[in-house]
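Since the structure comes first, as structure tokens, the remarks are kept for the end.
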Amino acid sequence: MRDASQHILFLATEYDAPGMRPYSRQIINTLWQAGDHVLIVTRDGADKTAFPDVPANHITWIDYPTSLAGKATFRFYPKQVLKAIDEIIETESISLIYSLTEELILADHINRLQRRVPMLYTVHDATFHDYKSLSPVRWLKDRLIIARPQRLMLKRAHQQVTNSHEQREYVIQRYPYHKIYYAPFPTLVNGTIAHGGEQVEELKGVSGPYILFFGLLHLYKGVHLLYQAYLDHPELQSLPLVIAGSKDIYFKRRVMEPGVTFINRYIDDNEVADLFSRAAVVVYPYTSATQSGVTSIASYFGKPMVLSDLPFFKQICPEGEEGVEFFTSGDVDALADAIARSMGASASTLGLYQRLYSPEALRDALNDIITRFH
């Protein structure tokens, strides 16, 4: 257990970035103890239901600027955030800053903060992900406000934690003077996901079980491979294919796509149980992966999974794991074969969830890391 006098400042300045809300919520709610403090930057205002056990006076909510000039200034000199951190450190006797969401706006200020209080920095993406069809302006913007600060935070943070064995080895080799720890990825399943009862409107016309992809539609997630495999292999078309998630569909769709349903929008947590409960198999055909909690949702609902053979997936789901099929990443025919094997599978992946994503395992691992800072 963590010493009662060891108070943590949890930082989530990229709270609205994809996946960061459930990630930071799970860790804060798992580790919170009296004397800790939470600082969150958000575009949506305070969420009073996110942290039920944290007193309101121990959470600092900061609104993200809305004007173009305000956003640009905030990215490189977030004065309000820096002032709030300094005040919290002083008044709350903080002994550790735990950065949960990369904190890209602090890239040029991390050295000063680390001189005041030790920081534990979460490495989400040690390498920049692949995206497609970016305009030159968007490409430059991503390099300036995402790739550059990611690189600087990785280089400058003295003590780090990651949820990927592969990323840990990468950082050790590249920055041998850092201390970097491994902790299991927190589950993305919250109470709303587990018990949500809202029906997905677009699925009312889809009969029977289906093949499911769920997530943002980015190039590195390999959705184009799943789309091609399904339409090129008639043996898969005995079940519908459902591709659910927001972002632009980055690949060219065919004129004829029998059996394919796109739900191209944000899926609310209340709808997730309906979406997954009717799936026959869940497919994650990623071409690259640093760390992710996507397997937590599918395994919570006990669904068979098809995963690309990337190191991250193979480390959390060893060969022979019940209900899991691997295929060679990028190989469309191998993907189709793996889906075909899984379509009739009755094996449940609930055991995987219970082993990997229990709150106790996460709490024990993180407290063991945090006690080293005392």
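Chain lettering (A, B, ...) mirrors the order of the structure tokens, residue numbering begins at 1 for each chain separately, and ligand numbering begins at 1 in order of display.
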Can you list, as number ranges by chain, every protein, DNA or RNA residue that comes within 8 Å of segment 71-75 of chain A when you count only C-alpha atoms, leaving out same-chain residues fewer than 4 positions away? A: 64-67, 79, 104-105, 145
Which residues are near segment 113-128 of chain A? Cut-off 8 Å, only C-alpha atoms, ignore same chain within fewer than 2 positions. Put them as a ChimeraX atom specification. /A:94-102,109-111,130,147,150-151,154,157-163,167,170-171,290-291,373
Take the residues just selected and output them with C-alpha atoms as a PDB file, in the first residue's frame.
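Generated output (again_9.pdb):
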ATOM      1  CA  ILE A  94       2.286  16.944  -3.174  1.00  0.00           C
ATOM      2  CA  SER A  95       5.151  14.442  -3.325  1.00  0.00           C
ATOM      3  CA  LEU A  96       4.543  13.074  -6.846  1.00  0.00           C
ATOM      4  CA  ILE A  97       3.019  14.353 -10.094  1.00  0.00           C
ATOM      5  CA  TYR A  98       1.438  11.496 -12.068  1.00  0.00           C
ATOM      6  CA  SER A  99       1.023  12.504 -15.727  1.00  0.00           C
ATOM      7  CA  LEU A 100      -1.747  10.366 -17.227  1.00  0.00           C
ATOM      8  CA  THR A 101      -2.474  11.828 -20.673  1.00  0.00           C
ATOM      9  CA  GLU A 102       0.925  12.766 -22.152  1.00  0.00           C
ATOM     10  CA  HIS A 109       7.995  23.243 -18.890  1.00  0.00           C
ATOM     11  CA  ILE A 110       8.563  19.684 -17.678  1.00  0.00           C
ATOM     12  CA  ASN A 111      12.153  20.292 -16.574  1.00  0.00           C
ATOM     13  CA  ASP A 130       0.300   6.439 -39.138  1.00  0.00           C
ATOM     14  CA  ALA A 147       4.688  14.684 -32.625  1.00  0.00           C
ATOM     15  CA  GLN A 150       5.514  13.782 -27.637  1.00  0.00           C
ATOM     16  CA  ARG A 151       9.169  13.431 -28.567  1.00  0.00           C
ATOM     17  CA  LEU A 154       9.673  11.186 -23.921  1.00  0.00           C
ATOM     18  CA  ALA A 157      10.732  12.832 -18.446  1.00  0.00           C
ATOM     19  CA  HIS A 158      13.121  11.121 -16.036  1.00  0.00           C
ATOM     20  CA  GLN A 159      10.708   8.484 -14.722  1.00  0.00           C
ATOM     21  CA  GLN A 160       8.078   6.861 -16.883  1.00  0.00           C
ATOM     22  CA  VAL A 161       5.432   4.152 -16.913  1.00  0.00           C
ATOM     23  CA  THR A 162       3.950   2.316 -19.878  1.00  0.00           C
ATOM     24  CA  ASN A 163       1.365  -0.403 -20.392  1.00  0.00           C
ATOM     25  CA  GLN A 167       7.358   0.256 -25.508  1.00  0.00           C
ATOM     26  CA  TYR A 170      12.040   0.736 -26.851  1.00  0.00           C
ATOM     27  CA  VAL A 171      12.494   3.481 -24.255  1.00  0.00           C
ATOM     28  CA  THR A 290       1.795   0.845 -28.972  1.00  0.00           C
ATOM     29  CA  GLN A 291      -0.660   0.156 -26.165  1.00  0.00           C
ATOM     30  CA  PHE A 373       9.320   7.708  -5.184  1.00  0.00           C
TER      31      PHE A 373
END
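Assigned to strand (DSSP E) in segment 234-322 of chain A, given DSSP computed from backbone atoms, are Leu241, Val242, Ile243, Ala244, Val260, Thr261, Phe262, Ile263, Ala279, Ala280, Val281, Val282, Val283, Tyr284, Met305, Val306, Leu307 and Ser308 of chain A.
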Against segment 241-261 of chain A, which residues of segment 161-202 of chain A fall within 12 Å? For each one I want the closest pair of atoms and the distance in Å (one decimal), counting only C-alpha atoms, rows by chain and increasing residue number, as a tab-separated table.
residue	atom	partner	partner_atom	distance
A:Val200	CA	A:Ala244	CA	10.3
A:Glu201	CA	A:Thr261	CA	11.8
A:Glu202	CA	A:Thr261	CA	8.1
Residue selection dump (all heavy atoms) as a PDB file, in the first residue's frame:
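So again-v4.pdb came out as:
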ATOM      1  N   VAL A 200     -28.484   0.494 -30.294  1.00  0.00           N
ATOM      2  CA  VAL A 200     -27.840   1.180 -31.414  1.00  0.00           C
ATOM      3  C   VAL A 200     -28.844   1.258 -32.556  1.00  0.00           C
ATOM      4  O   VAL A 200     -29.264   0.238 -33.113  1.00  0.00           O
ATOM      5  CB  VAL A 200     -26.564   0.443 -31.868  1.00  0.00           C
ATOM      6  CG1 VAL A 200     -25.927   1.159 -33.061  1.00  0.00           C
ATOM      7  CG2 VAL A 200     -25.567   0.345 -30.716  1.00  0.00           C
ATOM      8  N   GLU A 201     -29.215   2.472 -32.907  1.00  0.00           N
ATOM      9  CA  GLU A 201     -30.275   2.682 -33.889  1.00  0.00           C
ATOM     10  C   GLU A 201     -29.966   2.006 -35.215  1.00  0.00           C
ATOM     11  O   GLU A 201     -30.831   1.383 -35.836  1.00  0.00           O
ATOM     12  CB  GLU A 201     -30.478   4.189 -34.100  1.00  0.00           C
ATOM     13  CG  GLU A 201     -31.644   4.548 -35.004  1.00  0.00           C
ATOM     14  CD  GLU A 201     -33.003   4.250 -34.401  1.00  0.00           C
ATOM     15  OE1 GLU A 201     -33.110   4.235 -33.156  1.00  0.00           O
ATOM     16  OE2 GLU A 201     -33.955   4.013 -35.174  1.00  0.00           O
ATOM     17  N   GLU A 202     -28.715   2.100 -35.673  1.00  0.00           N
ATOM     18  CA  GLU A 202     -28.341   1.564 -36.991  1.00  0.00           C
ATOM     19  C   GLU A 202     -28.382   0.048 -37.061  1.00  0.00           C
ATOM     20  O   GLU A 202     -28.323  -0.544 -38.148  1.00  0.00           O
ATOM     21  CB  GLU A 202     -26.935   2.050 -37.377  1.00  0.00           C
ATOM     22  CG  GLU A 202     -26.822   3.552 -37.599  1.00  0.00           C
ATOM     23  CD  GLU A 202     -26.478   4.313 -36.331  1.00  0.00           C
ATOM     24  OE1 GLU A 202     -26.715   3.779 -35.218  1.00  0.00           O
ATOM     25  OE2 GLU A 202     -25.966   5.442 -36.440  1.00  0.00           O
TER      26      GLU A 202
END
Measuring atom to atom with only C-alpha atoms, identify which of A:Asp16, A:Glu87, A:Glu166, A:Asp47 is nearest to Gln315 of chain A.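 Ranked by minimum distance to Gln315 of chain A, first place goes to A:Glu166.
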Determine the nearest neighbour of Thr192 of chain A from the options A:Leu152, A:Ala50, A:Leu225, A:Leu236, counting only C-alpha atoms.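 Ranked by minimum distance to Thr192 of chain A, first place goes to A:Ala50.
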Do you know which residues are at most 9 Å from Asn270 of chain A counting only C-alpha atoms, after dropping those on the same chain fewer than 5 positions away, and could you put them as an MDAnalysis selection string? chainID A and resid 192:199
Of the candidates A:Ser164, A:Gln237, A:Thr371, A:Gln354, which one gets nearest to Arg2 of chain A if we count only C-alpha atoms?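 Answer, going by the shortest atom-to-atom distance: A:Thr371.
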Listing only residues of segment 243-311 of chain A within 6 Å of segment 320-339 of chain A, what is the closest atom pair and its distance in Å (to one decimal) for each, using only C-alpha atoms, sorted by chain and residue number ascending, as a tab-separated table?
residue	atom	partner	partner_atom	distance
A:Thr287	CA	A:Ser329	CA	5.8
A:Pro304	CA	A:Gly323	CA	4.6
A:Met305	CA	A:Val324	CA	4.9
A:Val306	CA	A:Glu325	CA	4.8
A:Leu307	CA	A:Phe326	CA	4.9
A:Ser308	CA	A:Ser329	CA	4.8
A:Asp309	CA	A:Thr328	CA	5.5
Same residues, all heavy atoms, saved as a PDB file, in the first residue's frame:
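File part09.pdb, as written:
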ATOM      1  N   THR A 287      -2.305  -2.459 -37.846  1.00  0.00           N
ATOM      2  CA  THR A 287      -0.993  -2.627 -38.500  1.00  0.00           C
ATOM      3  C   THR A 287       0.135  -2.112 -37.611  1.00  0.00           C
ATOM      4  O   THR A 287       1.295  -2.400 -37.850  1.00  0.00           O
ATOM      5  CB  THR A 287      -0.953  -1.889 -39.848  1.00  0.00           C
ATOM      6  OG1 THR A 287      -1.238  -0.498 -39.650  1.00  0.00           O
ATOM      7  CG2 THR A 287      -1.977  -2.481 -40.810  1.00  0.00           C
ATOM      8  N   PRO A 304     -15.203 -13.813 -28.702  1.00  0.00           N
ATOM      9  CA  PRO A 304     -13.990 -14.231 -29.413  1.00  0.00           C
ATOM     10  C   PRO A 304     -13.374 -13.038 -30.130  1.00  0.00           C
ATOM     11  O   PRO A 304     -14.093 -12.135 -30.585  1.00  0.00           O
ATOM     12  CB  PRO A 304     -14.512 -15.269 -30.414  1.00  0.00           C
ATOM     13  CG  PRO A 304     -15.804 -15.742 -29.843  1.00  0.00           C
ATOM     14  CD  PRO A 304     -16.393 -14.563 -29.132  1.00  0.00           C
ATOM     15  N   MET A 305     -12.045 -13.033 -30.234  1.00  0.00           N
ATOM     16  CA  MET A 305     -11.342 -11.914 -30.854  1.00  0.00           C
ATOM     17  C   MET A 305     -10.378 -12.410 -31.920  1.00  0.00           C
ATOM     18  O   MET A 305      -9.762 -13.466 -31.767  1.00  0.00           O
ATOM     19  CB  MET A 305     -10.553 -11.114 -29.809  1.00  0.00           C
ATOM     20  CG  MET A 305     -11.402 -10.282 -28.883  1.00  0.00           C
ATOM     21  SD  MET A 305     -10.375  -9.261 -27.774  1.00  0.00           S
ATOM     22  CE  MET A 305      -9.824 -10.493 -26.600  1.00  0.00           C
ATOM     23  N   VAL A 306     -10.253 -11.607 -32.972  1.00  0.00           N
ATOM     24  CA  VAL A 306      -9.206 -11.806 -33.985  1.00  0.00           C
ATOM     25  C   VAL A 306      -8.266 -10.621 -33.888  1.00  0.00           C
ATOM     26  O   VAL A 306      -8.694  -9.468 -33.998  1.00  0.00           O
ATOM     27  CB  VAL A 306      -9.806 -11.904 -35.401  1.00  0.00           C
ATOM     28  CG1 VAL A 306      -8.694 -11.907 -36.452  1.00  0.00           C
ATOM     29  CG2 VAL A 306     -10.661 -13.164 -35.529  1.00  0.00           C
ATOM     30  N   LEU A 307      -6.976 -10.900 -33.674  1.00  0.00           N
ATOM     31  CA  LEU A 307      -5.979  -9.862 -33.462  1.00  0.00           C
ATOM     32  C   LEU A 307      -4.820 -10.029 -34.423  1.00  0.00           C
ATOM     33  O   LEU A 307      -4.416 -11.159 -34.732  1.00  0.00           O
ATOM     34  CB  LEU A 307      -5.424  -9.929 -32.033  1.00  0.00           C
ATOM     35  CG  LEU A 307      -6.423  -9.912 -30.881  1.00  0.00           C
ATOM     36  CD1 LEU A 307      -5.708 -10.182 -29.554  1.00  0.00           C
ATOM     37  CD2 LEU A 307      -7.155  -8.585 -30.824  1.00  0.00           C
ATOM     38  N   SER A 308      -4.271  -8.925 -34.906  1.00  0.00           N
ATOM     39  CA  SER A 308      -3.039  -9.005 -35.687  1.00  0.00           C
ATOM     40  C   SER A 308      -1.898  -9.405 -34.761  1.00  0.00           C
ATOM     41  O   SER A 308      -1.932  -9.148 -33.556  1.00  0.00           O
ATOM     42  CB  SER A 308      -2.754  -7.666 -36.368  1.00  0.00           C
ATOM     43  OG  SER A 308      -2.733  -6.610 -35.423  1.00  0.00           O
ATOM     44  N   ASP A 309      -0.881 -10.030 -35.319  1.00  0.00           N
ATOM     45  CA  ASP A 309       0.194 -10.616 -34.502  1.00  0.00           C
ATOM     46  C   ASP A 309       1.257  -9.585 -34.116  1.00  0.00           C
ATOM     47  O   ASP A 309       2.463  -9.877 -34.142  1.00  0.00           O
ATOM     48  CB  ASP A 309       0.830 -11.802 -35.211  1.00  0.00           C
ATOM     49  CG  ASP A 309       1.506 -11.435 -36.522  1.00  0.00           C
ATOM     50  OD1 ASP A 309       1.316 -10.279 -36.997  1.00  0.00           O
ATOM     51  OD2 ASP A 309       2.232 -12.282 -37.082  1.00  0.00           O
TER      52      ASP A 309
END
Minimum-distance residue to His58 of chain A, chosen among A:Ile8, A:Ala347, A:Val282, A:Ala298 (using only C-alpha atoms): A:Ile8
So how many Å separate atom CA of Met153 of chain A and atom CA of Arg168 of chain A, to one decimal?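 Calculated distance between atom CA of Met153 of chain A and atom CA of Arg168 of chain A is 14.9 Å.
Using only C-alpha atoms for every distance, the candidate list A:Leu310, A:Val54, A:Tyr227, A:Lys179 yields A:Lys179 as the residue closest to Arg156 of chain A.
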Using backbone DSSP assignments, extract all alpha helix (DSSP H) residues from segment 54-150 of chain A; output them as a PyMOL selection string. chain A and resi 68-76+79-92+110-116+136-142+148-150
Proximity to Leu239 of chain A - best of A:Val272, A:Glu169, A:Met343, A:Lys155, only C-alpha atoms: A:Met343
Atom CA of Val281 of chain A and atom CA of Leu212 of chain A are how many Å apart?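 Atom CA of Val281 of chain A sits 6.3 Å away from atom CA of Leu212 of chain A.
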